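**Student:** What follows is run-v1.cif, made up of mmCIF, C-alpha atoms (C1' of nucleotides):
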data_upload
loop_
_atom_site.group_PDB
_atom_site.id
_atom_site.type_symbol
_atom_site.label_atom_id
_atom_site.label_comp_id
_atom_site.auth_asym_id
_atom_site.auth_seq_id
_atom_site.Cartn_x
_atom_site.Cartn_y
_atom_site.Cartn_z
ATOM 1 C CA MET M 261 103.203 93.769 99.263
ATOM 2 C CA PRO M 262 104.512 96.594 100.003
ATOM 3 C CA GLU M 263 102.400 99.643 99.483
ATOM 4 C CA LEU M 264 103.854 103.137 99.590
ATOM 5 C CA PRO M 265 104.639 103.213 103.338
ATOM 6 C CA GLU M 266 106.480 99.905 103.147
ATOM 7 C CA VAL M 267 108.513 100.989 100.120
ATOM 8 C CA GLU M 268 109.334 104.269 101.834
ATOM 9 C CA THR M 269 110.434 102.348 104.909
ATOM 10 C CA VAL M 270 112.687 100.162 102.774
ATOM 11 C CA ARG M 271 114.092 103.258 101.064
ATOM 12 C CA ARG M 272 114.908 104.859 104.400
ATOM 13 C CA GLY M 273 116.517 101.663 105.592
ATOM 14 C CA LEU M 274 118.685 101.244 102.523
ATOM 15 C CA ALA M 275 119.656 104.869 101.924
ATOM 16 C CA PRO M 276 122.394 105.296 104.538
ATOM 17 C CA HIS M 277 124.001 102.018 103.459
ATOM 18 C CA VAL M 278 123.919 102.518 99.703
ATOM 19 C CA GLU M 279 124.219 106.233 99.045
ATOM 20 C CA ALA M 280 127.626 107.305 97.723
ATOM 21 C CA ARG M 281 128.744 103.682 97.507
ATOM 22 C CA ARG M 282 129.967 101.995 94.370
ATOM 23 C CA VAL M 283 128.488 98.680 93.248
ATOM 24 C CA LEU M 284 131.295 96.148 93.095
ATOM 25 C CA ARG M 285 129.302 93.122 92.036
ATOM 26 C CA LEU M 286 125.740 92.235 91.105
ATOM 27 C CA ASP M 287 124.706 88.602 90.959
ATOM 28 C CA GLN M 288 121.488 88.158 88.981
ATOM 29 C CA ARG M 289 120.456 84.619 89.720
ATOM 30 C CA ARG M 290 117.637 84.140 87.201
ATOM 31 C CA PRO M 291 116.667 85.703 83.844
ATOM 32 C CA ASP M 292 113.405 87.212 85.008
ATOM 33 C CA LEU M 293 111.145 88.149 87.860
ATOM 34 C CA ARG M 294 107.729 89.247 86.691
ATOM 35 C CA PHE M 295 109.426 90.498 83.515
ATOM 36 C CA PRO M 296 112.825 89.722 82.041
ATOM 37 C CA PHE M 297 115.661 91.805 83.425
ATOM 38 C CA PRO M 298 116.901 94.426 80.948
ATOM 39 C CA ASP M 299 119.792 93.504 78.678
ATOM 40 C CA ARG M 300 123.206 93.381 80.337
ATOM 41 C CA PHE M 301 121.565 94.318 83.629
ATOM 42 C CA ALA M 302 124.467 93.416 85.914
ATOM 43 C CA ASP M 303 127.083 94.888 83.568
ATOM 44 C CA ARG M 304 125.289 98.195 83.485
ATOM 45 C CA ILE M 305 125.180 98.485 87.263
ATOM 46 C CA GLU M 306 128.528 97.048 88.295
ATOM 47 C CA GLY M 307 131.111 99.783 88.692
ATOM 48 C CA ARG M 308 128.491 102.519 89.064
ATOM 49 C CA ARG M 309 128.060 104.571 92.206
ATOM 50 C CA ILE M 310 124.607 104.874 93.783
ATOM 51 C CA VAL M 311 124.158 108.597 94.338
ATOM 52 C CA ALA M 312 120.703 108.548 95.926
ATOM 53 C CA ALA M 313 117.885 106.247 97.023
ATOM 54 C CA ALA M 314 114.572 107.805 96.019
ATOM 55 C CA ARG M 315 110.971 106.643 95.709
ATOM 56 C CA ARG M 316 107.979 107.357 93.488
ATOM 57 C CA ALA M 317 104.698 105.667 94.443
ATOM 58 C CA LYS M 318 105.640 102.019 95.102
ATOM 59 C CA TYR M 319 108.836 102.220 93.045
ATOM 60 C CA LEU M 320 112.246 102.336 94.639
ATOM 61 C CA LEU M 321 114.606 104.449 92.514
ATOM 62 C CA LEU M 322 118.334 104.010 92.943
ATOM 63 C CA ARG M 323 120.047 106.846 91.123
ATOM 64 C CA LEU M 324 123.342 105.872 89.519
ATOM 65 C CA ASP M 325 126.228 108.189 88.680
ATOM 66 C CA ASP M 326 125.953 107.665 84.915
ATOM 67 C CA GLY M 327 122.534 109.222 84.354
ATOM 68 C CA TRP M 328 120.555 105.996 84.721
ATOM 69 C CA THR M 329 118.207 104.947 87.476
ATOM 70 C CA TRP M 330 117.899 101.410 88.784
ATOM 71 C CA LEU M 331 114.152 100.967 89.263
ATOM 72 C CA VAL M 332 112.841 98.325 91.641
ATOM 73 C CA HIS M 333 109.257 97.254 92.242
ATOM 74 C CA LEU M 334 108.689 94.842 95.115
ATOM 75 C CA GLY M 335 105.459 93.356 93.757
ATOM 76 C CA MET M 336 103.559 91.422 96.403
ATOM 77 C CA SER M 337 106.307 89.648 98.261
ATOM 78 C CA GLY M 338 109.554 91.417 97.353
ATOM 79 C CA ARG M 339 112.073 92.285 100.050
ATOM 80 C CA PHE M 340 115.201 94.323 99.616
ATOM 81 C CA THR M 341 117.354 93.971 102.676
ATOM 82 C CA ILE M 342 120.815 94.606 104.003
ATOM 83 C CA ALA M 343 122.495 91.266 104.459
ATOM 84 C CA ASP M 344 124.254 90.821 107.722
ATOM 85 C CA PRO M 345 127.771 89.545 107.058
ATOM 86 C CA GLY M 346 127.430 87.402 110.167
ATOM 87 C CA GLY M 347 124.369 85.708 108.753
ATOM 88 C CA LYS M 348 122.139 86.687 111.635
ATOM 89 C CA GLY M 349 119.392 89.251 111.806
ATOM 90 C CA PRO M 350 118.017 89.712 108.297
ATOM 91 C CA ALA M 351 118.951 86.193 107.296
ATOM 92 C CA LYS M 352 116.790 85.010 110.134
ATOM 93 C CA ALA M 353 114.021 87.387 109.168
ATOM 94 C CA ARG M 354 114.236 86.003 105.669
ATOM 95 C CA SER M 355 113.402 82.671 107.261
ATOM 96 C CA ALA M 356 116.542 80.776 106.551
ATOM 97 C CA GLN M 357 115.109 77.815 104.747
ATOM 98 C CA ALA M 358 117.990 75.635 103.755
ATOM 99 C CA GLY M 359 119.847 77.302 100.965
ATOM 100 C CA HIS M 360 123.252 76.645 99.512
ATOM 101 C CA ASN M 361 126.544 78.382 99.832
ATOM 102 C CA SER M 362 127.493 80.718 97.006
ATOM 103 C CA GLY M 363 130.166 82.674 98.767
ATOM 104 C CA TRP M 364 127.468 84.939 100.147
ATOM 105 C CA ALA M 365 126.817 82.826 103.201
ATOM 106 C CA LEU M 366 123.616 80.827 103.248
ATOM 107 C CA ILE M 367 121.100 82.033 100.704
ATOM 108 C CA ASP M 368 117.424 81.340 100.306
ATOM 109 C CA LYS M 369 116.091 79.861 97.079
ATOM 110 C CA HIS M 370 114.079 83.017 96.516
ATOM 111 C CA ASP M 371 117.099 85.322 96.809
ATOM 112 C CA HIS M 372 117.117 86.451 93.177
ATOM 113 C CA VAL M 373 119.578 89.354 93.176
ATOM 114 C CA LEU M 374 122.630 89.746 95.375
ATOM 115 C CA VAL M 375 124.613 92.972 95.430
ATOM 116 C CA GLU M 376 127.984 93.784 96.887
ATOM 117 C CA LEU M 377 128.852 97.409 97.514
ATOM 118 C CA GLU M 378 131.971 99.186 98.667
ATOM 119 C CA GLY M 379 132.663 98.880 102.352
ATOM 120 C CA GLY M 380 131.425 95.300 102.574
ATOM 121 C CA VAL M 381 127.738 96.213 102.294
ATOM 122 C CA ARG M 382 125.618 93.442 100.840
ATOM 123 C CA LEU M 383 122.056 93.698 99.606
ATOM 124 C CA VAL M 384 119.645 90.859 98.957
ATOM 125 C CA TYR M 385 116.549 91.051 96.808
ATOM 126 C CA ASN M 386 114.243 88.177 97.788
ATOM 127 C CA ASP M 387 110.843 87.635 96.177
ATOM 128 C CA VAL M 388 108.874 84.452 96.716
ATOM 129 C CA ARG M 389 106.050 85.160 94.290
ATOM 130 C CA ARG M 390 108.199 86.976 91.744
ATOM 131 C CA PHE M 391 105.632 89.675 91.041
ATOM 132 C CA GLY M 392 108.352 92.271 91.481
ATOM 133 C CA PHE M 393 110.635 93.524 88.731
ATOM 134 C CA MET M 394 113.673 95.656 88.021
ATOM 135 C CA ASP M 395 114.532 97.966 85.171
ATOM 136 C CA LEU M 396 117.004 100.648 84.137
ATOM 137 C CA ILE M 397 115.604 103.984 83.022
ATOM 138 C CA GLU M 398 117.169 107.281 82.028
ATOM 139 C CA THR M 399 117.041 109.585 85.024
ATOM 140 C CA ALA M 400 116.507 112.738 82.984
ATOM 141 C CA ARG M 401 113.516 111.196 81.261
ATOM 142 C CA GLU M 402 112.180 109.014 84.054
ATOM 143 C CA ASP M 403 108.835 110.787 84.134
ATOM 144 C CA ASP M 404 108.285 109.557 80.595
ATOM 145 C CA SER M 405 109.205 105.974 81.384
ATOM 146 C CA PRO M 406 106.359 103.498 80.961
ATOM 147 C CA HIS M 407 106.460 102.687 84.663
ATOM 148 C CA LEU M 408 106.152 106.210 85.967
ATOM 149 C CA ALA M 409 104.437 108.145 83.195
ATOM 150 C CA ARG M 410 100.850 107.474 84.176
ATOM 151 C CA LEU M 411 101.123 107.763 87.929
ATOM 152 C CA GLY M 412 98.875 110.216 89.745
ATOM 153 C CA PRO M 413 100.025 112.502 92.570
ATOM 154 C CA GLU M 414 101.842 111.293 95.658
ATOM 155 C CA PRO M 415 99.384 111.139 98.579
ATOM 156 C CA LEU M 416 101.615 113.391 100.687
ATOM 157 C CA ASP M 417 102.064 115.950 97.914
ATOM 158 C CA PRO M 418 100.031 119.111 98.537
ATOM 159 C CA ALA M 419 98.869 118.781 94.928
ATOM 160 C CA PHE M 420 96.737 115.858 96.100
ATOM 161 C CA ASP M 421 93.791 117.876 97.408
ATOM 162 C CA GLY M 422 90.026 117.699 97.276
ATOM 163 C CA ALA M 423 89.835 119.478 93.941
ATOM 164 C CA ALA M 424 92.424 117.217 92.332
ATOM 165 C CA LEU M 425 90.741 114.074 93.624
ATOM 166 C CA SER M 426 87.311 115.266 92.505
ATOM 167 C CA ALA M 427 88.682 115.890 89.045
ATOM 168 C CA ALA M 428 90.315 112.462 88.910
ATOM 169 C CA LEU M 429 87.087 110.730 89.951
ATOM 170 C CA ARG M 430 84.823 112.659 87.606
ATOM 171 C CA GLY M 431 82.817 110.387 85.356
ATOM 172 C CA LYS M 432 84.096 107.189 86.963
ATOM 173 C CA ASN M 433 81.412 104.582 87.458
ATOM 174 C CA THR M 434 83.653 102.147 89.257
ATOM 175 C CA PRO M 435 83.357 101.823 93.052
ATOM 176 C CA ILE M 436 85.508 104.289 94.994
ATOM 177 C CA LYS M 437 87.494 101.330 96.352
ATOM 178 C CA ALA M 438 88.639 100.374 92.854
ATOM 179 C CA ALA M 439 89.267 103.999 91.909
ATOM 180 C CA LEU M 440 91.666 104.502 94.819
ATOM 181 C CA LEU M 441 93.586 101.400 93.788
ATOM 182 C CA ASP M 442 94.061 102.991 90.358
ATOM 183 C CA GLN M 443 97.589 104.393 90.482
ATOM 184 C CA ALA M 444 96.618 107.121 88.025
ATOM 185 C CA VAL M 445 94.163 108.590 90.539
ATOM 186 C CA VAL M 446 96.587 108.653 93.451
ATOM 187 C CA ALA M 447 99.911 106.822 93.445
ATOM 188 C CA GLY M 448 100.999 104.346 96.069
ATOM 189 C CA LEU M 449 97.852 103.044 97.736
ATOM 190 C CA GLY M 450 97.148 99.332 97.869
ATOM 191 C CA ASN M 451 94.422 97.153 99.301
ATOM 192 C CA ILE M 452 95.201 97.749 102.956
ATOM 193 C CA TYR M 453 95.526 101.510 102.995
ATOM 194 C CA VAL M 454 92.542 102.019 100.708
ATOM 195 C CA CYS M 455 90.391 100.114 103.208
ATOM 196 C CA GLU M 456 91.840 102.118 106.074
ATOM 197 C CA ALA M 457 91.386 105.481 104.366
ATOM 198 C CA LEU M 458 87.756 104.791 103.450
ATOM 199 C CA TRP M 459 87.048 103.673 107.005
ATOM 200 C CA ARG M 460 88.462 106.916 108.367
ATOM 201 C CA ALA M 461 86.667 109.069 105.836
ATOM 202 C CA GLY M 462 83.367 107.291 106.560
ATOM 203 C CA ILE M 463 82.848 106.493 102.883
ATOM 204 C CA SER M 464 81.432 103.194 101.665
ATOM 205 C CA PRO M 465 83.830 101.275 99.414
ATOM 206 C CA LYS M 466 80.836 100.484 97.201
ATOM 207 C CA ARG M 467 79.966 104.097 96.535
ATOM 208 C CA ARG M 468 80.337 105.144 92.900
ATOM 209 C CA ALA M 469 83.607 107.053 92.491
ATOM 210 C CA ALA M 470 81.966 109.989 90.721
ATOM 211 C CA SER M 471 79.690 110.486 93.730
ATOM 212 C CA VAL M 472 82.600 111.459 95.969
ATOM 213 C CA PRO M 473 83.134 115.095 94.982
ATOM 214 C CA GLY M 474 83.425 118.254 97.064
ATOM 215 C CA LEU M 475 83.529 117.830 100.812
ATOM 216 C CA ARG M 476 83.642 114.034 100.675
ATOM 217 C CA ALA M 477 86.655 114.155 98.353
ATOM 218 C CA GLN M 478 88.292 116.670 100.648
ATOM 219 C CA ARG M 479 87.741 114.424 103.657
ATOM 220 C CA LEU M 480 89.039 111.459 101.700
ATOM 221 C CA THR M 481 92.312 113.158 100.773
ATOM 222 C CA GLU M 482 92.829 114.035 104.426
ATOM 223 C CA ALA M 483 92.154 110.443 105.469
ATOM 224 C CA VAL M 484 94.558 109.095 102.852
ATOM 225 C CA ARG M 485 97.250 111.521 103.910
ATOM 226 C CA ALA M 486 96.839 110.691 107.594
ATOM 227 C CA VAL M 487 96.856 106.919 107.090
ATOM 228 C CA ILE M 488 99.921 107.008 104.859
ATOM 229 C CA ALA M 489 101.819 109.388 107.134
ATOM 230 C CA GLU M 490 101.068 107.324 110.229
ATOM 231 C CA ALA M 491 102.006 104.083 108.512
ATOM 232 C CA ILE M 492 105.353 105.500 107.399
ATOM 233 C CA GLU M 493 105.899 106.742 110.932
ATOM 234 C CA ALA M 494 105.263 103.231 112.256
ATOM 235 C CA GLY M 495 107.679 101.656 109.797
ATOM 236 C CA GLY M 496 105.007 100.096 107.609
ATOM 237 C CA SER M 497 102.931 97.000 108.175
ATOM 238 C CA SER M 498 104.258 93.511 108.615
ATOM 239 C CA LEU M 499 102.034 90.965 106.998
ATOM 240 C CA ARG M 500 103.276 87.636 105.766
ATOM 241 C CA ASP M 501 106.270 88.738 103.798
ATOM 242 C CA TYR M 502 107.081 92.314 104.454
ATOM 243 C CA VAL M 503 110.153 93.302 106.395
ATOM 244 C CA GLN M 504 112.130 96.506 106.528
ATOM 245 C CA ALA M 505 115.550 96.866 104.977
ATOM 246 C CA ASP M 506 117.224 95.863 108.208
ATOM 247 C CA GLY M 507 114.945 92.862 108.627
ATOM 248 C CA GLU M 508 112.910 94.406 111.421
ATOM 249 C CA LEU M 509 109.148 94.149 111.307
ATOM 250 C CA GLY M 510 106.835 97.145 110.911
ATOM 251 C CA TYR M 511 104.211 97.995 113.455
ATOM 252 C CA PHE M 512 101.344 99.609 111.611
ATOM 253 C CA GLN M 513 99.315 96.426 111.351
ATOM 254 C CA HIS M 514 98.601 96.770 115.045
ATOM 255 C CA ALA M 515 96.790 99.975 114.149
ATOM 256 C CA PHE M 516 94.447 98.620 111.485
ATOM 257 C CA ASP M 517 90.871 99.747 112.004
ATOM 258 C CA ALA M 518 89.304 97.855 109.118
ATOM 259 C CA TYR M 519 91.748 95.631 107.240
ATOM 260 C CA ASP M 520 91.578 91.963 108.260
ATOM 261 C CA ARG M 521 89.153 92.731 111.097
ATOM 262 C CA GLU M 522 86.073 90.976 109.755
ATOM 263 C CA GLY M 523 83.489 90.292 112.448
ATOM 264 C CA THR M 524 85.080 92.558 115.038
ATOM 265 C CA PRO M 525 83.373 95.642 116.490
ATOM 266 C CA CYS M 526 83.957 98.888 114.606
ATOM 267 C CA ARG M 527 86.531 100.921 116.501
ATOM 268 C CA ARG M 528 84.993 104.271 115.703
ATOM 269 C CA PRO M 529 83.749 105.709 119.010
ATOM 270 C CA GLY M 530 80.002 105.363 119.355
ATOM 271 C CA CYS M 531 79.569 103.490 116.067
ATOM 272 C CA GLY M 532 78.616 100.044 117.303
ATOM 273 C CA GLY M 533 78.868 98.483 113.843
ATOM 274 C CA THR M 534 80.661 95.279 112.867
ATOM 275 C CA ILE M 535 83.413 95.109 110.254
ATOM 276 C CA ARG M 536 82.344 93.202 107.177
ATOM 277 C CA ARG M 537 84.372 91.580 104.430
ATOM 278 C CA ILE M 538 83.188 91.731 100.836
ATOM 279 C CA VAL M 539 84.922 91.010 97.545
ATOM 280 C CA GLN M 540 85.338 93.783 94.972
ATOM 281 C CA SER M 541 87.044 93.086 91.661
ATOM 282 C CA GLY M 542 88.392 89.906 93.128
ATOM 283 C CA ARG M 543 89.953 91.411 96.228
ATOM 284 C CA SER M 544 88.904 91.602 99.861
ATOM 285 C CA THR M 545 87.397 94.830 101.105
ATOM 286 C CA PHE M 546 86.912 95.391 104.836
ATOM 287 C CA TYR M 547 84.525 98.108 105.969
ATOM 288 C CA CYS M 548 81.914 99.128 108.494
ATOM 289 C CA PRO M 549 78.444 99.252 106.910
ATOM 290 C CA ASP M 550 77.180 101.391 109.783
ATOM 291 C CA HIS M 551 79.308 104.509 109.508
ATOM 292 C CA GLN M 552 80.727 104.157 105.980
ATOM 293 C CA ARG M 553 78.138 105.581 103.620
ATOM 294 C "C1'" DA I 66 85.966 103.314 76.083
ATOM 295 C "C1'" DC I 67 85.299 101.419 80.363
ATOM 296 C "C1'" DG I 68 85.188 98.125 83.935
ATOM 297 C "C1'" DA I 69 85.375 93.361 85.686
ATOM 298 C "C1'" DG I 70 88.010 89.297 85.809
ATOM 299 C "C1'" DA I 71 91.937 86.431 84.766
ATOM 300 C "C1'" DA I 72 96.691 85.741 84.749
ATOM 301 C "C1'" DC I 73 101.313 85.838 86.623
ATOM 302 C "C1'" DC I 74 103.816 82.466 91.064
ATOM 303 C "C1'" DT I 75 104.551 80.369 95.520
ATOM 304 C "C1'" DG I 76 103.456 79.695 100.230
ATOM 305 C "C1'" DT I 77 100.197 79.566 104.056
ATOM 306 C "C1'" DT I 78 95.733 79.191 106.050
ATOM 307 C "C1'" DT I 79 91.141 77.396 106.111
ATOM 308 C "C1'" DG I 80 87.532 74.086 105.583
ATOM 309 C "C1'" DC I 81 85.605 69.701 104.723
ATOM 310 C "C1'" DT Y 250 94.864 63.984 110.141
ATOM 311 C "C1'" DG Y 251 94.976 64.926 105.190
ATOM 312 C "C1'" DC Y 252 94.062 67.064 101.218
ATOM 313 C "C1'" DA Y 253 92.248 70.666 98.353
ATOM 314 C "C1'" DA Y 254 90.461 75.033 97.929
ATOM 315 C "C1'" DA Y 255 90.858 79.705 99.159
ATOM 316 C "C1'" DC Y 256 93.603 83.456 99.957
ATOM 317 C "C1'" DA Y 257 97.715 86.835 100.158
ATOM 318 C "C1'" DG Y 258 100.330 93.555 100.109
ATOM 319 C "C1'" DG Y 259 100.233 94.419 92.675
ATOM 320 C "C1'" DT Y 260 100.054 95.200 87.917
ATOM 321 C "C1'" DT Y 261 98.745 94.235 83.270
ATOM 322 C "C1'" DC Y 262 96.302 92.044 79.714
ATOM 323 C "C1'" DT Y 263 91.978 90.275 77.681
ATOM 324 C "C1'" DC Y 264 87.244 90.034 77.148
ATOM 325 C "C1'" DG Y 265 82.523 91.576 77.173
#
Would you write the structure of this file as structure tokens?

**Tutor:**
Amino acid sequence: MPELPEVETVRRGLAPHVEARRVLRLDQRRPDLRFPFPDRFADRIEGRRIVAAARRAKYLLLRLDDGWTWLVHLGMSGRFTIADPGGKGPAKARSAQAGHNSGWALIDKHDHVLVELEGGVRLVYNDVRRFGFMDLIETAREDDSPHLARLGPEPLDPAFDGAALSAALRGKNTPIKAALLDQAVVAGLGNIYVCEALWRAGISPKRRAASVPGLRAQRLTEAVRAVIAEAIEAGGSSLRDYVQADGELGYFQHAFDAYDREGTPCRRPGCGGTIRRIVQSGRSTFYCPDHQR
DNA sequence: ACGAGAACCTGTTTGC
DNA sequence: TGCAAACAGGTTCTCG
């Protein structure tokens, strides 16, 4: 899934196509994704104008002109793309497994929400594993919504500094790897970028979170910031499912130093270590035992 | 109260 | 070659 850089890339891809456009039709093709859709979901969006495409952590926030925000989480395999009226490009990127014709050209069986906007713009939300979800929240009170209320700082926000991270990690016995995946500590990191940030900061993923204060925490915030900024710059990572809004693939995966590099030489100059894979709270961690302490 | 693990769902890769 | 187990970017709930 999409971690913060991928969601930001999707946001940037969608924004010029959706902003200031009215939603003419929304076709919700099943009652739920990870959770049920809110009541009268399509009715409450059809006829509204999308005034802005924003993002908080891994949430895409489409601001509507009636004071509500259409919240989208892509889960592990969600894609939100611009459909090409000609059926090429994104349709191809969505791996056109035989679908059926619904008046929207050929659709995939995992295309769960189809949207038609003014000007002939069509959006497709596709999600194979259905871990994603959508909701409608009041824009003025969105910070109090259950989805957003407990999120920590954005990694690129200046408020995310060494002192703030130290404070968030205080008293935590869990490994630093797990702590960074906690969206209340810092919002938007996932398995890949946590591994990358720890590699850069030279911190062992097994180290107790509370033992990363002061200078180490400072270095860690800088590593997180750099990894996230570079990944956004590269248009995100393309693993199995992820594609940008226009169906193009991201490039950051070519820059991984740790993630999915088990058994390969550590790329840190002069290190000489070998990347190892371990499992922490049920998920793969990739790190270099030599320079990550 | 905290932290580890399971559960949610489908598709692809790996290993015997 | 074939089949089954392992694994995949996230979040949330339960259990100890």

**Student:** Edge lengths and centre in Å to one decimal, as JSON, of the axis-aligned box that encloses all listed atoms of segment 486-498 of chain M with 3 Å added on every side?

**Tutor:**
{"center_x": 102.3, "center_y": 102.1, "center_z": 108.6, "size_x": 16.8, "size_y": 23.2, "size_z": 13.4}

**Student:** As an exercise, work out the distance from atom CA of Pro435 of chain M to atom CA of Ala469 of chain M in Å and give it to one decimal place.

**Tutor:** 5.3 Å

**Student:** Need the shell around DG80 of chain I: protein/DNA/RNA residues with any atom at most 10 Å away, counting only C-alpha atoms (C1' of nucleotides). Skip same-chain ones fewer than 3 positions apart. Format as a list in words?

**Tutor:**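 Skipping anything fewer than 3 positions along the chain leaves DA253, DA254 and DA255 of chain Y.
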
**Student:** Let me see the file: selected residues, C-alpha atoms (C1' of nucleotides), as an mmCIF file, in the coordinates of the input.

**Tutor:**
data_model
loop_
_atom_site.group_PDB
_atom_site.id
_atom_site.type_symbol
_atom_site.label_atom_id
_atom_site.label_comp_id
_atom_site.auth_asym_id
_atom_site.auth_seq_id
_atom_site.Cartn_x
_atom_site.Cartn_y
_atom_site.Cartn_z
ATOM 1 C "C1'" DA Y 253 92.248 70.666 98.353
ATOM 2 C "C1'" DA Y 254 90.461 75.033 97.929
ATOM 3 C "C1'" DA Y 255 90.858 79.705 99.159
#

**Student:** Once the PyMOL selection byres ((chain M) within 7 of (chain Y)) has been evaluated on this model, what residues remain selected, and can you format them as a list in words?

**Tutor:**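 Here the PyMOL selection byres ((chain M) within 7 of (chain Y)) matches Met261, Pro262, Glu263, Gly335, Met336, Gly450 and Asn451 of chain M.
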
**Student:** Would you mind exporting the chosen residues as a short mmCIF file (atom, residue, chain, number, x, y, z; two decimals), in the frame of the given file, restricted to C-alpha atoms?

**Tutor:**
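The resulting result-v8.cif:
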data_model
loop_
_atom_site.label_atom_id
_atom_site.label_comp_id
_atom_site.auth_asym_id
_atom_site.auth_seq_id
_atom_site.Cartn_x
_atom_site.Cartn_y
_atom_site.Cartn_z
CA MET M 261 103.20 93.77 99.26
CA PRO M 262 104.51 96.59 100.00
CA GLU M 263 102.40 99.64 99.48
CA GLY M 335 105.46 93.36 93.76
CA MET M 336 103.56 91.42 96.40
CA GLY M 450 97.15 99.33 97.87
CA ASN M 451 94.42 97.15 99.30
#

**Student:** Could you list, with a cut-off of 9 Å and counting all atoms listed in the file, the residues of chain M near chain I, each shown with its nearest atom pair and the distance in Å rounded to one decimal, rows sorted by chain and ascending number, as CSV?

**Tutor:**
residue,atom,partner,partner_atom,distance
M:Arg294,CA,I:DC73,C1',7.3
M:Val388,CA,I:DT75,C1',6.1
M:Arg389,CA,I:DC74,C1',4.8
M:Arg390,CA,I:DC74,C1',6.3
M:Phe391,CA,I:DC73,C1',7.3
M:Lys432,CA,I:DC67,C1',8.8
M:Asn433,CA,I:DG68,C1',8.3
M:Thr434,CA,I:DG68,C1',6.8
M:Arg500,CA,I:DT77,C1',8.8
M:Ser541,CA,I:DA69,C1',6.2
M:Gly542,CA,I:DG70,C1',7.4

**Student:** Kindly provide, as a tab-separated table (two decimals) with C-alpha atoms, keeping the file's coordinate frame, the polymer residues lying within 10 Å of (91.5, 105.4, 100.4), counting only C-alpha atoms (C1' of nucleotides) and using the coordinates exactly as they appear in the file.

**Tutor:**
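Listed below is the output, selection11.tsv:
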chain	number	residue	atom	x	y	z
M	415	PRO	CA	99.38	111.14	98.58
M	436	ILE	CA	85.51	104.29	94.99
M	437	LYS	CA	87.49	101.33	96.35
M	438	ALA	CA	88.64	100.37	92.85
M	439	ALA	CA	89.27	104.00	91.91
M	440	LEU	CA	91.67	104.50	94.82
M	441	LEU	CA	93.59	101.40	93.79
M	446	VAL	CA	96.59	108.65	93.45
M	449	LEU	CA	97.85	103.04	97.74
M	450	GLY	CA	97.15	99.33	97.87
M	451	ASN	CA	94.42	97.15	99.30
M	452	ILE	CA	95.20	97.75	102.96
M	453	TYR	CA	95.53	101.51	103.00
M	454	VAL	CA	92.54	102.02	100.71
M	455	CYS	CA	90.39	100.11	103.21
M	456	GLU	CA	91.84	102.12	106.07
M	457	ALA	CA	91.39	105.48	104.37
M	458	LEU	CA	87.76	104.79	103.45
M	459	TRP	CA	87.05	103.67	107.00
M	460	ARG	CA	88.46	106.92	108.37
M	461	ALA	CA	86.67	109.07	105.84
M	463	ILE	CA	82.85	106.49	102.88
M	465	PRO	CA	83.83	101.28	99.41
M	480	LEU	CA	89.04	111.46	101.70
M	481	THR	CA	92.31	113.16	100.77
M	482	GLU	CA	92.83	114.04	104.43
M	483	ALA	CA	92.15	110.44	105.47
M	484	VAL	CA	94.56	109.10	102.85
M	485	ARG	CA	97.25	111.52	103.91
M	487	VAL	CA	96.86	106.92	107.09
M	488	ILE	CA	99.92	107.01	104.86

**Student:** Which one of M:Asp387, M:Leu475, M:Asp325, M:Ile492 sits closest to Arg290 of chain M if you count all atoms listed in the file?

**Tutor:**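 When distances to Arg290 of chain M are compared using all atoms listed in the file, the smallest one comes from M:Asp387.
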
**Student:** Grab the atom CA of Gly510 of chain M to atom CA of Leu334 of chain M distance for me, in Å with one decimal place.

**Tutor:**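 Value for the atom CA of Gly510 of chain M-atom CA of Leu334 of chain M distance: 16.1 Å.
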
**Student:** May I ask for the distance between atom CA of Val445 of chain M and atom CA of Leu425 of chain M, given in Å to one decimal place?

**Tutor:**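 One can read the atom CA of Val445 of chain M to atom CA of Leu425 of chain M distance as 7.2 Å.
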
**Student:** Write out as a list in words the residues lying within 7 Å of Ala491 of chain M, counting all atoms listed in the file and excluding same-chain residues fewer than 4 positions away.

**Tutor:** Pro265, Val487, Gly495, Gly496 and Phe512 of chain M

**Student:** Enumerate, as a list in words, the residues matched when the PyMOL selection byres ((chain M and resi 295) around 9) is run on the file above.

**Tutor:**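 Given this file, the PyMOL selection byres ((chain M and resi 295) around 9) evaluates to Pro291, Asp292, Leu293, Arg294, Pro296, Phe297, Pro298, Phe391, Gly392, Phe393 and Met394 of chain M.
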
**Student:** Determine, counting all atoms listed in the file, which protein, DNA and RNA residues have an atom within 12 Å of an atom of Leu396 of chain M; residues of the same chain fewer than 3 positions away are not included. Present the result as a ChimeraX atom specification.

**Tutor:** /M:296-305,320-324,326-333,393,399,401-402,405-407

**Student:** Could you list the residues chosen by the PyMOL selection byres ((chain M and resi 375) around 8) in this structure as a ChimeraX atom specification?

**Tutor:** /M:283-287,373-374,376-377,382-384

**Student:** List as a list in words the protein and nucleic acid residues near Glu279 of chain M, meaning an atom at most 10 Å away when all atoms listed in the file are counted, but skip any in the same chain fewer than 2 places from it.

**Tutor:**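 Surrounding residues, per the criterion: Leu274, Ala275, Pro276, His277, Arg281, Arg282, Arg309, Ile310, Val311, Ala312, Ala313, Leu322, Arg323 and Leu324 of chain M.
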